[in-house]
Every structure is written in structure tokens, then in C-alpha cells.
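**Student:** What follows is model_36.txt; its format and atoms are compact mmCIF, C-alpha atoms.
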# COMPACT_ATOMS: atom_id res chain seq x y z
CA MET S 1 63.61 -13.30 40.60
CA ALA S 2 60.43 -14.90 41.93
CA GLN S 3 57.12 -13.55 40.65
CA PRO S 4 55.09 -11.47 43.08
CA VAL S 5 51.87 -13.15 44.17
CA SER S 6 49.76 -10.58 42.33
CA ALA S 7 51.41 -11.51 39.02
CA ARG S 8 51.02 -15.27 39.35
CA LEU S 9 48.38 -17.16 37.41
CA LYS S 10 45.53 -18.66 39.43
CA ILE S 11 44.71 -22.10 38.02
CA GLY S 12 41.71 -24.15 39.07
CA LEU S 13 42.02 -27.90 39.49
CA SER S 14 38.95 -30.11 39.35
CA ALA S 15 38.16 -32.19 42.42
CA CYS S 16 38.28 -35.97 42.70
CA PHE S 17 35.46 -37.53 44.70
CA SER S 18 35.56 -40.21 47.37
CA HIS S 19 31.93 -40.85 48.22
CA ALA S 20 30.63 -41.82 51.66
CA ASP S 21 31.79 -45.34 52.51
CA PRO S 22 30.81 -47.15 55.76
CA ALA S 23 33.91 -49.34 55.46
CA ARG S 24 36.27 -46.36 55.51
CA ALA S 25 38.03 -45.84 58.83
CA MET S 26 37.75 -42.04 58.79
CA PHE S 27 35.00 -39.74 57.47
CA SER S 28 33.00 -42.88 56.70
CA ASN S 29 29.71 -41.08 56.09
CA LYS S 30 31.23 -38.02 54.43
CA THR S 31 32.00 -37.13 50.83
CA LEU S 32 35.66 -36.27 50.35
CA GLN S 33 36.91 -33.96 47.59
CA TYR S 34 40.62 -33.92 46.90
CA VAL S 35 43.40 -33.43 44.34
CA GLU S 36 46.28 -35.71 43.44
CA GLN S 37 49.59 -34.19 44.52
CA SER S 38 51.56 -34.63 41.28
CA ILE S 39 49.28 -32.55 39.10
CA ALA S 40 49.12 -29.70 41.63
CA HIS S 41 52.93 -29.69 41.85
CA TRP S 42 53.16 -29.83 38.04
CA LEU S 43 51.23 -26.58 37.73
CA MET S 44 53.09 -25.01 40.65
CA SER S 45 56.43 -25.85 38.99
CA ALA S 46 55.78 -23.00 36.55
CA GLY S 47 54.84 -20.55 39.29
CA ALA S 48 51.06 -20.93 39.14
CA MET S 49 48.86 -20.71 42.22
CA VAL S 50 46.67 -23.84 42.28
CA VAL S 51 43.16 -23.84 43.71
CA MET S 52 40.94 -26.92 43.95
CA VAL S 53 37.43 -26.06 42.76
CA PRO S 54 35.03 -27.83 45.16
CA CYS S 55 31.62 -29.02 44.05
CA PRO S 56 29.28 -26.32 45.43
CA THR S 57 26.17 -28.53 45.76
CA GLY S 58 25.19 -31.52 47.89
CA GLU S 59 23.48 -32.25 51.18
CA THR S 60 25.87 -30.05 53.21
CA ALA S 61 25.80 -27.10 50.78
CA ARG S 62 25.52 -23.58 52.18
CA GLY S 63 25.86 -20.12 50.72
CA ASP S 64 25.60 -18.91 47.15
CA THR S 65 29.07 -19.64 45.69
CA LYS S 66 28.81 -21.06 42.18
CA LEU S 67 31.20 -22.65 39.69
CA SER S 68 30.67 -19.57 37.52
CA HIS S 69 32.22 -17.47 40.31
CA TYR S 70 35.37 -19.62 40.17
CA ALA S 71 35.42 -19.33 36.38
CA GLU S 72 35.27 -15.56 36.61
CA TRP S 73 37.99 -15.37 39.30
CA LEU S 74 40.50 -17.97 38.04
CA ASP S 75 42.64 -17.76 34.90
CA GLY S 76 42.10 -21.33 33.67
CA VAL S 77 41.20 -24.83 34.81
CA VAL S 78 42.70 -28.32 34.60
CA MET S 79 40.43 -31.36 34.55
CA HIS S 80 42.43 -34.22 35.98
CA GLY S 81 42.23 -38.01 36.08
CA GLY S 82 40.36 -40.51 38.20
CA ALA S 83 37.26 -42.67 38.00
CA ASP S 84 35.67 -43.90 34.79
CA MET S 85 32.95 -41.81 33.18
CA TRP S 86 29.40 -43.14 33.49
CA PRO S 87 28.40 -44.36 29.99
CA GLY S 88 25.03 -42.67 30.39
CA SER S 89 26.89 -39.35 30.16
CA TYR S 90 27.39 -40.08 26.45
CA GLY S 91 24.12 -41.89 25.81
CA GLU S 92 25.12 -45.51 26.36
CA VAL S 93 24.18 -48.26 28.79
CA PRO S 94 27.06 -49.66 30.90
CA LEU S 95 28.11 -52.98 29.40
CA LYS S 96 29.50 -54.19 32.75
CA ASP S 97 28.92 -53.17 36.36
CA ALA S 98 32.67 -52.55 36.62
CA TRP S 99 32.28 -49.75 34.07
CA LEU S 100 29.51 -47.81 35.84
CA GLY S 101 31.92 -44.97 36.58
CA ASP S 102 31.02 -41.96 38.73
CA ARG S 103 27.90 -40.19 37.53
CA VAL S 104 28.01 -37.52 40.25
CA ARG S 105 31.55 -36.55 39.33
CA ASP S 106 30.54 -36.49 35.66
CA LEU S 107 27.84 -33.95 36.42
CA TYR S 108 30.23 -31.80 38.45
CA ASP S 109 32.96 -31.99 35.78
CA LEU S 110 30.54 -31.17 32.96
CA ALA S 111 29.23 -28.18 34.91
CA LEU S 112 32.79 -27.00 35.61
CA VAL S 113 33.73 -27.20 31.92
CA GLU S 114 30.52 -25.36 31.07
CA ALA S 115 31.35 -22.56 33.50
CA PHE S 116 34.88 -22.01 32.17
CA GLU S 117 33.74 -22.30 28.57
CA GLN S 118 31.12 -19.62 29.11
CA ALA S 119 33.73 -17.41 30.78
CA GLY S 120 36.07 -17.91 27.81
CA LYS S 121 38.85 -19.25 30.06
CA PRO S 122 41.38 -21.94 28.95
CA ILE S 123 40.67 -25.58 29.82
CA PHE S 124 43.20 -28.41 29.86
CA GLY S 125 42.37 -32.08 30.45
CA VAL S 126 44.47 -35.03 31.58
CA CYS S 127 43.41 -38.68 31.11
CA ARG S 128 39.81 -38.72 32.36
CA GLY S 129 39.90 -34.99 31.69
CA LEU S 130 40.38 -35.63 27.97
CA GLN S 131 37.50 -38.08 27.96
CA LEU S 132 35.28 -35.67 29.89
CA ILE S 133 36.02 -32.81 27.48
CA ASN S 134 35.28 -35.03 24.49
CA VAL S 135 31.93 -36.09 25.99
CA ALA S 136 31.06 -32.54 27.08
CA PHE S 137 31.20 -31.32 23.49
CA GLY S 138 29.33 -34.24 21.92
CA GLY S 139 31.84 -37.10 21.56
CA THR S 140 31.63 -40.69 22.79
CA LEU S 141 33.99 -43.19 24.42
CA TYR S 142 34.99 -46.81 24.31
CA GLN S 143 33.81 -48.23 27.61
CA ASP S 144 36.80 -50.56 27.45
CA ILE S 145 39.47 -50.30 24.76
CA GLU S 146 40.63 -53.91 24.91
CA GLU S 147 37.11 -55.28 24.42
CA GLN S 148 35.71 -52.72 21.98
CA HIS S 149 38.48 -51.13 19.95
CA GLY S 150 38.92 -54.02 17.55
CA HIS S 151 42.44 -53.23 16.30
CA PRO S 152 44.52 -56.38 15.69
CA GLU S 153 47.33 -54.92 17.81
CA THR S 154 45.31 -53.25 20.58
CA LEU S 155 47.56 -52.41 23.51
CA ARG S 156 46.85 -52.84 27.18
CA HIS S 157 46.49 -49.18 28.05
CA ARG S 158 46.07 -49.75 31.77
CA ASP S 159 48.12 -52.15 33.90
CA PRO S 160 46.99 -52.01 37.56
CA VAL S 161 50.30 -53.46 38.75
CA ALA S 162 52.70 -51.37 36.66
CA TYR S 163 50.40 -48.30 36.94
CA ASP S 164 52.44 -45.22 35.95
CA GLN S 165 55.27 -47.43 34.71
CA ASN S 166 53.11 -48.74 31.84
CA PHE S 167 54.26 -47.05 28.62
CA HIS S 168 53.62 -47.05 24.88
CA ALA S 169 54.65 -45.10 21.80
CA LEU S 170 52.64 -42.32 20.21
CA GLU S 171 52.70 -40.51 16.89
CA ILE S 172 52.29 -36.74 16.78
CA VAL S 173 50.08 -35.55 13.91
CA PRO S 174 52.07 -33.24 11.58
CA GLY S 175 50.89 -29.64 11.29
CA THR S 176 49.08 -29.57 14.63
CA ARG S 177 49.78 -27.26 17.54
CA LEU S 178 51.29 -30.22 19.41
CA ALA S 179 53.69 -30.82 16.52
CA LYS S 180 54.76 -27.17 16.70
CA LEU S 181 55.41 -27.55 20.43
CA TYR S 182 57.73 -30.49 19.69
CA PRO S 183 59.53 -29.62 16.43
CA GLY S 184 61.31 -32.58 14.89
CA VAL S 185 59.57 -35.09 17.18
CA ASP S 186 57.46 -37.50 15.16
CA THR S 187 57.09 -40.24 17.77
CA ALA S 188 57.54 -40.33 21.53
CA ARG S 189 57.01 -42.55 24.57
CA VAL S 190 54.36 -41.75 27.18
CA ASN S 191 52.73 -43.35 30.21
CA SER S 192 49.35 -45.04 29.82
CA ILE S 193 46.88 -45.40 32.71
CA HIS S 194 43.38 -45.76 31.24
CA HIS S 195 41.05 -48.34 29.76
CA GLN S 196 38.45 -45.99 28.28
CA GLY S 197 39.22 -43.76 25.32
CA VAL S 198 37.80 -41.59 22.55
CA LYS S 199 35.52 -43.46 20.16
CA ALA S 200 33.75 -40.63 18.28
CA LEU S 201 35.60 -37.32 18.44
CA ALA S 202 33.59 -34.25 19.49
CA PRO S 203 32.70 -31.87 16.64
CA GLY S 204 35.10 -28.95 16.34
CA PHE S 205 38.07 -30.86 17.78
CA ASP S 206 41.18 -32.32 16.12
CA ILE S 207 43.27 -35.31 17.12
CA GLU S 208 46.89 -34.25 17.67
CA ALA S 209 48.46 -37.61 18.60
CA TRP S 210 47.69 -41.33 18.26
CA SER S 211 48.94 -44.30 20.24
CA LEU S 212 51.09 -46.79 18.32
CA PRO S 213 50.41 -49.27 16.92
CA ASP S 214 46.68 -49.38 17.78
CA ARG S 215 45.80 -45.72 17.03
CA VAL S 216 43.78 -44.64 20.04
CA PRO S 217 43.53 -40.80 20.27
CA GLU S 218 46.18 -39.53 22.72
CA ALA S 219 45.79 -35.75 22.40
CA ILE S 220 42.93 -33.55 21.25
CA ARG S 221 42.46 -29.80 20.81
CA ARG S 222 39.53 -27.61 19.93
CA ARG S 223 39.94 -25.65 16.72
CA SER S 224 40.65 -22.01 17.46
CA ASP S 225 38.56 -20.55 14.64
CA ARG S 226 35.79 -18.01 15.31
CA GLY S 227 37.46 -16.79 18.48
CA ARG S 228 36.76 -19.87 20.57
CA SER S 229 38.76 -20.25 23.76
CA TYR S 230 41.64 -22.66 24.35
CA ILE S 231 40.68 -26.27 25.09
CA ALA S 232 43.25 -29.08 24.83
CA ALA S 233 43.89 -32.41 26.52
CA THR S 234 46.21 -35.41 26.67
CA GLN S 235 45.27 -39.01 27.35
CA TRP S 236 48.58 -39.60 29.13
CA HIS S 237 49.66 -37.90 32.35
CA PRO S 238 52.30 -35.27 31.52
CA GLU S 239 52.64 -34.50 35.23
CA PHE S 240 54.06 -38.00 35.80
CA HIS S 241 57.06 -37.29 33.56
CA LYS S 242 60.25 -37.51 35.60
CA PHE S 243 61.94 -34.12 35.42
CA GLY S 244 65.06 -34.26 33.25
CA SER S 245 64.37 -37.77 31.95
CA LYS S 246 64.58 -38.47 28.23
CA GLU S 247 62.70 -41.77 28.51
CA THR S 248 59.28 -40.14 28.10
CA LEU S 249 58.00 -37.01 26.38
CA ASP S 250 59.03 -33.85 28.22
CA ASP S 251 55.97 -32.23 29.79
CA SER S 252 57.22 -28.63 29.87
CA ALA S 253 56.08 -27.56 26.41
CA ILE S 254 52.52 -28.72 27.08
CA LEU S 255 52.41 -27.00 30.46
CA HIS S 256 53.77 -23.70 29.20
CA ASP S 257 51.44 -23.73 26.18
CA PHE S 258 48.42 -23.96 28.50
CA LEU S 259 49.74 -21.34 30.91
CA TRP S 260 50.58 -18.99 28.03
CA ALA S 261 46.95 -19.27 26.90
CA CYS S 262 45.85 -18.47 30.46
CA ALA S 263 48.15 -15.44 30.64
CA THR S 264 46.99 -14.17 27.25
CA THR S 265 43.34 -14.58 28.17
CA LYS S 266 43.93 -12.78 31.47
CA VAL S 267 45.16 -9.74 29.58
CA THR S 268 42.51 -9.77 26.86
CA ALA S 269 39.43 -11.19 28.67
CA LYS S 270 36.26 -9.17 28.58
CA SER S 271 34.44 -8.43 31.80
CA THR S 272 31.19 -10.10 30.73
CA LEU S 273 30.49 -13.79 30.22
CA ARG S 274 30.03 -15.09 26.71
CA ALA S 275 26.75 -16.61 25.56
CA ALA S 276 26.53 -20.33 26.21
CA PRO S 277 27.56 -22.33 23.12
CA GLY S 278 24.63 -24.75 23.47
CA LYS S 279 26.81 -27.81 23.01
CA ILE S 280 27.81 -28.71 26.56
CA ARG S 281 26.29 -32.08 27.28
CA ASN S 282 22.94 -32.04 29.16
CA ARG S 283 23.10 -28.44 30.45
CA ALA S 284 25.31 -29.74 33.17
CA ALA S 285 25.01 -27.07 35.87
CA ARG S 286 21.25 -27.53 36.29
CA LEU S 287 21.49 -31.30 36.27
CA LEU S 288 24.32 -31.22 38.81
CA ARG S 289 22.23 -29.30 41.31
CA GLN S 290 19.18 -31.52 40.78
CA ALA S 291 21.14 -34.78 41.06
CA LEU S 292 23.09 -33.87 44.18
CA LEU S 293 20.09 -32.46 46.01
CA ARG S 294 18.31 -35.77 45.44
CA ARG S 295 21.17 -37.80 46.95
Before anything else, please render the file you have as C-alpha cells.

**Tutor:**
Amino acid sequence: MAQPVSARLKIGLSACFSHADPARAMFSNKTLQYVEQSIAHWLMSAGAMVVMVPCPTGETARGDTKLSHYAEWLDGVVMHGGADMWPGSYGEVPLKDAWLGDRVRDLYDLALVEAFEQAGKPIFGVCRGLQLINVAFGGTLYQDIEEQHGHPETLRHRDPVAYDQNFHALEIVPGTRLAKLYPGVDTARVNSIHHQGVKALAPGFDIEAWSLPDRVPEAIRRRSDRGRSYIAATQWHPEFHKFGSKETLDDSAILHDFLWACATTKVTAKSTLRAAPGKIRNRAARLLRQALLRR
């Protein structure tokens, strides 16, 4: 029997940005915010209601709606993939112009993570989302894995031609939550669509999977001690797994783990926001408003 609407989880999905572009045929001088279809359908496959969380600031902004309002209303949020992160977001200078990333989206994403963290709501990250979460809590990234990682067998983690058909093996770390979700699975095959990756892991997080053979972090999770809320992420795209296929790691356990955390939090959440942890990078919400109003 289908769930009634009132019983379904409401899951936020971070927005991708397509900035004003004079060369674009439509909406050339407008900022577009959008979601990629696969990840919305992935969440909907388990019955969740998916809501894109728009950036509330910018030159066309009106009204008083804030990201904190979405964090209070929704049951959890997914930070999904897209553009590179701006190296300045983790205290570095871009080594190449091609790696400048999207600073405006960084500010929005950091503010969104901050809002859901303060509300004590679960956060899950995919690809860029993993990198964003790591940076938000004090970690750093390789601007380009192939040039900076230095492992003698470094893989090509992003192939622009193969795209989502580029795969590699990973190793699941024994004793982790991810290992418990996949009992008896020591290694698996996943897609790989990124060229940045975790360099220094954020304090308070654990690595739950490594790529093979070059050992780039493929899954991270915040430690659950001291009552901290659920935050986990994968470097691969679980939503790109072909349903029923045994060629790549089944996505269902990861999805249901996140949604179970959302459902549990919905039942137990307190009505007031928690005190800010003081570790979200750059007090993102204030910087977001300042940066976008200057644009």
C-alpha cells in the first residue's frame, strides 16, 4: 500500500547553478538553479518527496525565506554533484584556471550544510557533496588527483568521454557503518566521475571506503558520538547504479540508511535549533549573503 503524503519524508536537494551566460540561447542573463534528474528519482524511489532548496539570496531576491526555514521544515538534505569547489574555500590558491570551480555555489552549499547541521537534520553528500562536506568541517582537497596524489598507481577518476561508464574498485573499511550495510562485501565496483578528492580528512570524520589500488577516500561519515547528527557521503554516484545490476555496488542500502536516519530524527527532533558547532567553514550563511549581494 502506498504511503499517504503526510507520512512521506520530505528531503531537500541542493541546487546546481548555471550562471548568467550571454552565449546561452535562453535565459542568457539569468542565473538558473536546477537538479539532476537521476538523484531526484533515486530519492523518490523510496517514497520520499524531493524538494530543491533554492539559494535565497542574489540580485533578484525578495521576501524573508531563509535556508534555516528549509532546514526546520525538511527531514534531511542531499548535497549532490557538479562543478569543482573553489580552492579558496579550503585556504588554497587555484593551481590552474581550469580548477577555479564555483565560489558562489560553494558559499550556498556551505550555508545549506550549516543550516541543516544547526537544525540537527541528516545530511548526505554525493561526489562534490562529499568534498563540500569535508571542506565545511575543516578538511582539504586535492585540486587534481592525477597531478597531486602521488600514488604510483593513481587512477583516472574522471573520463569525460566514458563519464558514468568509468569504473574502479573500492575497498570497504571493516567495522564501519558502511561495512555493516554490506555484510560480507570487502570490495566492490563503483562509478567514478571526479578529479578532485579528499586530501586532509575533516576532524571528527572517518573514512569508510578507499579506491583501489590508489587509495583515494570514497566514503566518509561523521562519528556519531556526543549526540551529533547523521552526516555521510560517497565519492561515487549511487544514484547512477542500474537497478538490479550486479556489476556495481547496489545503492539501496546506502539510500535506506540515510532515509532511516531522517525518519528517526523526524520522530525524535526537538523543536528548537541546536547551538552552532563553530566548525562550519567561514560562517557560510553571512558570507553567502554578502557575496551574492555584491554580484

**Student:** Quick one: residues within 9 Å of Ala261 in chain S, all atoms listed in the file counted, chain neighbours fewer than 6 positions away excluded, as a list in words?

**Tutor:** Gly76, Lys121, Pro122, Ser229 and Tyr230 of chain S

**Student:** If I take CA of Phe205 in chain S and CA of Glu114 in chain S, how far is one from the other in Å, to one decimal?

**Tutor:**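 These atoms are spaced 16.2 Å apart.
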
**Student:** If you measure from CA of Gly101 in chain S to CA of Leu132 in chain S, what distance in Å do you get, rounded to one decimal?

**Tutor:**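 Separation between CA of Gly101 in chain S and CA of Leu132 in chain S: 11.9 Å.
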
**Student:** Could you check the closest approach to Thr140 in chain S for each of S:Trp86, S:Trp42, S:Tyr34, S:Trp210 and tell me which residue wins, using all atoms listed in the file?

**Tutor:**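 Between S:Trp86, S:Trp42, S:Tyr34, S:Trp210, the residue approaching Thr140 in chain S most closely is S:Trp86.
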
**Student:** Quick one, how far is CA of Ile207 in chain S from CA of Leu110 in chain S?

**Tutor:** 20.7 Å

**Student:** Please fill the gaps in range 48-71 of chain S so it has N, CA and C atoms, and write that as an mmCIF file, keeping the file's coordinate frame.

**Tutor:**
data_model
loop_
_atom_site.group_PDB
_atom_site.id
_atom_site.type_symbol
_atom_site.label_atom_id
_atom_site.label_comp_id
_atom_site.auth_asym_id
_atom_site.auth_seq_id
_atom_site.Cartn_x
_atom_site.Cartn_y
_atom_site.Cartn_z
ATOM 1 N N ALA S 48 52.492 -21.172 39.010
ATOM 2 C CA ALA S 48 51.060 -20.930 39.140
ATOM 3 C C ALA S 48 50.582 -21.183 40.570
ATOM 4 N N MET S 49 49.569 -20.467 40.961
ATOM 5 C CA MET S 49 48.860 -20.710 42.220
ATOM 6 C C MET S 49 47.714 -21.659 41.907
ATOM 7 N N VAL S 50 47.658 -22.799 42.593
ATOM 8 C CA VAL S 50 46.670 -23.840 42.280
ATOM 9 C C VAL S 50 45.563 -23.843 43.315
ATOM 10 N N VAL S 51 44.329 -23.869 42.839
ATOM 11 C CA VAL S 51 43.160 -23.840 43.710
ATOM 12 C C VAL S 51 42.234 -24.993 43.319
ATOM 13 N N MET S 52 41.950 -25.916 44.238
ATOM 14 C CA MET S 52 40.940 -26.920 43.950
ATOM 15 C C MET S 52 39.572 -26.245 43.893
ATOM 16 N N VAL S 53 38.766 -26.613 42.901
ATOM 17 C CA VAL S 53 37.430 -26.060 42.760
ATOM 18 C C VAL S 53 36.433 -27.068 43.333
ATOM 19 N N PRO S 54 35.936 -26.855 44.550
ATOM 20 C CA PRO S 54 35.030 -27.830 45.160
ATOM 21 C C PRO S 54 33.669 -27.833 44.471
ATOM 22 N N CYS S 55 33.000 -28.963 44.512
ATOM 23 C CA CYS S 55 31.620 -29.020 44.050
ATOM 24 C C CYS S 55 30.759 -28.202 45.017
ATOM 25 N N PRO S 56 29.995 -27.222 44.532
ATOM 26 C CA PRO S 56 29.280 -26.320 45.430
ATOM 27 C C PRO S 56 27.915 -26.838 45.885
ATOM 28 N N THR S 57 27.490 -28.019 45.401
ATOM 29 C CA THR S 57 26.170 -28.530 45.760
ATOM 30 C C THR S 57 26.292 -29.845 46.519
ATOM 31 N N GLY S 58 25.196 -30.298 47.093
ATOM 32 C CA GLY S 58 25.190 -31.520 47.890
ATOM 33 C C GLY S 58 24.453 -31.288 49.189
ATOM 34 N N GLU S 59 24.319 -32.328 49.998
ATOM 35 C CA GLU S 59 23.480 -32.250 51.180
ATOM 36 C C GLU S 59 24.006 -31.298 52.253
ATOM 37 N N THR S 60 25.308 -30.974 52.221
ATOM 38 C CA THR S 60 25.870 -30.050 53.210
ATOM 39 C C THR S 60 26.054 -28.640 52.663
ATOM 40 N N ALA S 61 25.557 -28.381 51.453
ATOM 41 C CA ALA S 61 25.800 -27.100 50.780
ATOM 42 C C ALA S 61 25.200 -25.932 51.555
ATOM 43 N N ARG S 62 25.977 -24.833 51.590
ATOM 44 C CA ARG S 62 25.520 -23.580 52.180
ATOM 45 C C ARG S 62 26.030 -22.435 51.320
ATOM 46 N N GLY S 63 25.363 -21.306 51.415
ATOM 47 C CA GLY S 63 25.860 -20.120 50.720
ATOM 48 C C GLY S 63 25.467 -20.114 49.253
ATOM 49 N N ASP S 64 26.000 -19.115 48.538
ATOM 50 C CA ASP S 64 25.600 -18.910 47.150
ATOM 51 C C ASP S 64 26.762 -19.002 46.165
ATOM 52 N N THR S 65 27.920 -19.538 46.589
ATOM 53 C CA THR S 65 29.070 -19.640 45.690
ATOM 54 C C THR S 65 28.782 -20.642 44.581
ATOM 55 N N LYS S 66 29.083 -20.242 43.349
ATOM 56 C CA LYS S 66 28.810 -21.060 42.180
ATOM 57 C C LYS S 66 30.101 -21.352 41.420
ATOM 58 N N LEU S 67 30.055 -22.365 40.560
ATOM 59 C CA LEU S 67 31.200 -22.650 39.690
ATOM 60 C C LEU S 67 31.488 -21.461 38.777
ATOM 61 N N SER S 68 30.459 -20.737 38.386
ATOM 62 C CA SER S 68 30.670 -19.570 37.520
ATOM 63 C C SER S 68 31.493 -18.489 38.232
ATOM 64 N N HIS S 69 31.398 -18.432 39.560
ATOM 65 C CA HIS S 69 32.220 -17.470 40.310
ATOM 66 C C HIS S 69 33.700 -17.849 40.208
ATOM 67 N N TYR S 70 33.987 -19.155 40.327
ATOM 68 C CA TYR S 70 35.370 -19.620 40.170
ATOM 69 C C TYR S 70 35.874 -19.335 38.758
ATOM 70 N N ALA S 71 35.016 -19.552 37.767
ATOM 71 C CA ALA S 71 35.420 -19.330 36.380
ATOM 72 C C ALA S 71 35.730 -17.863 36.117
#
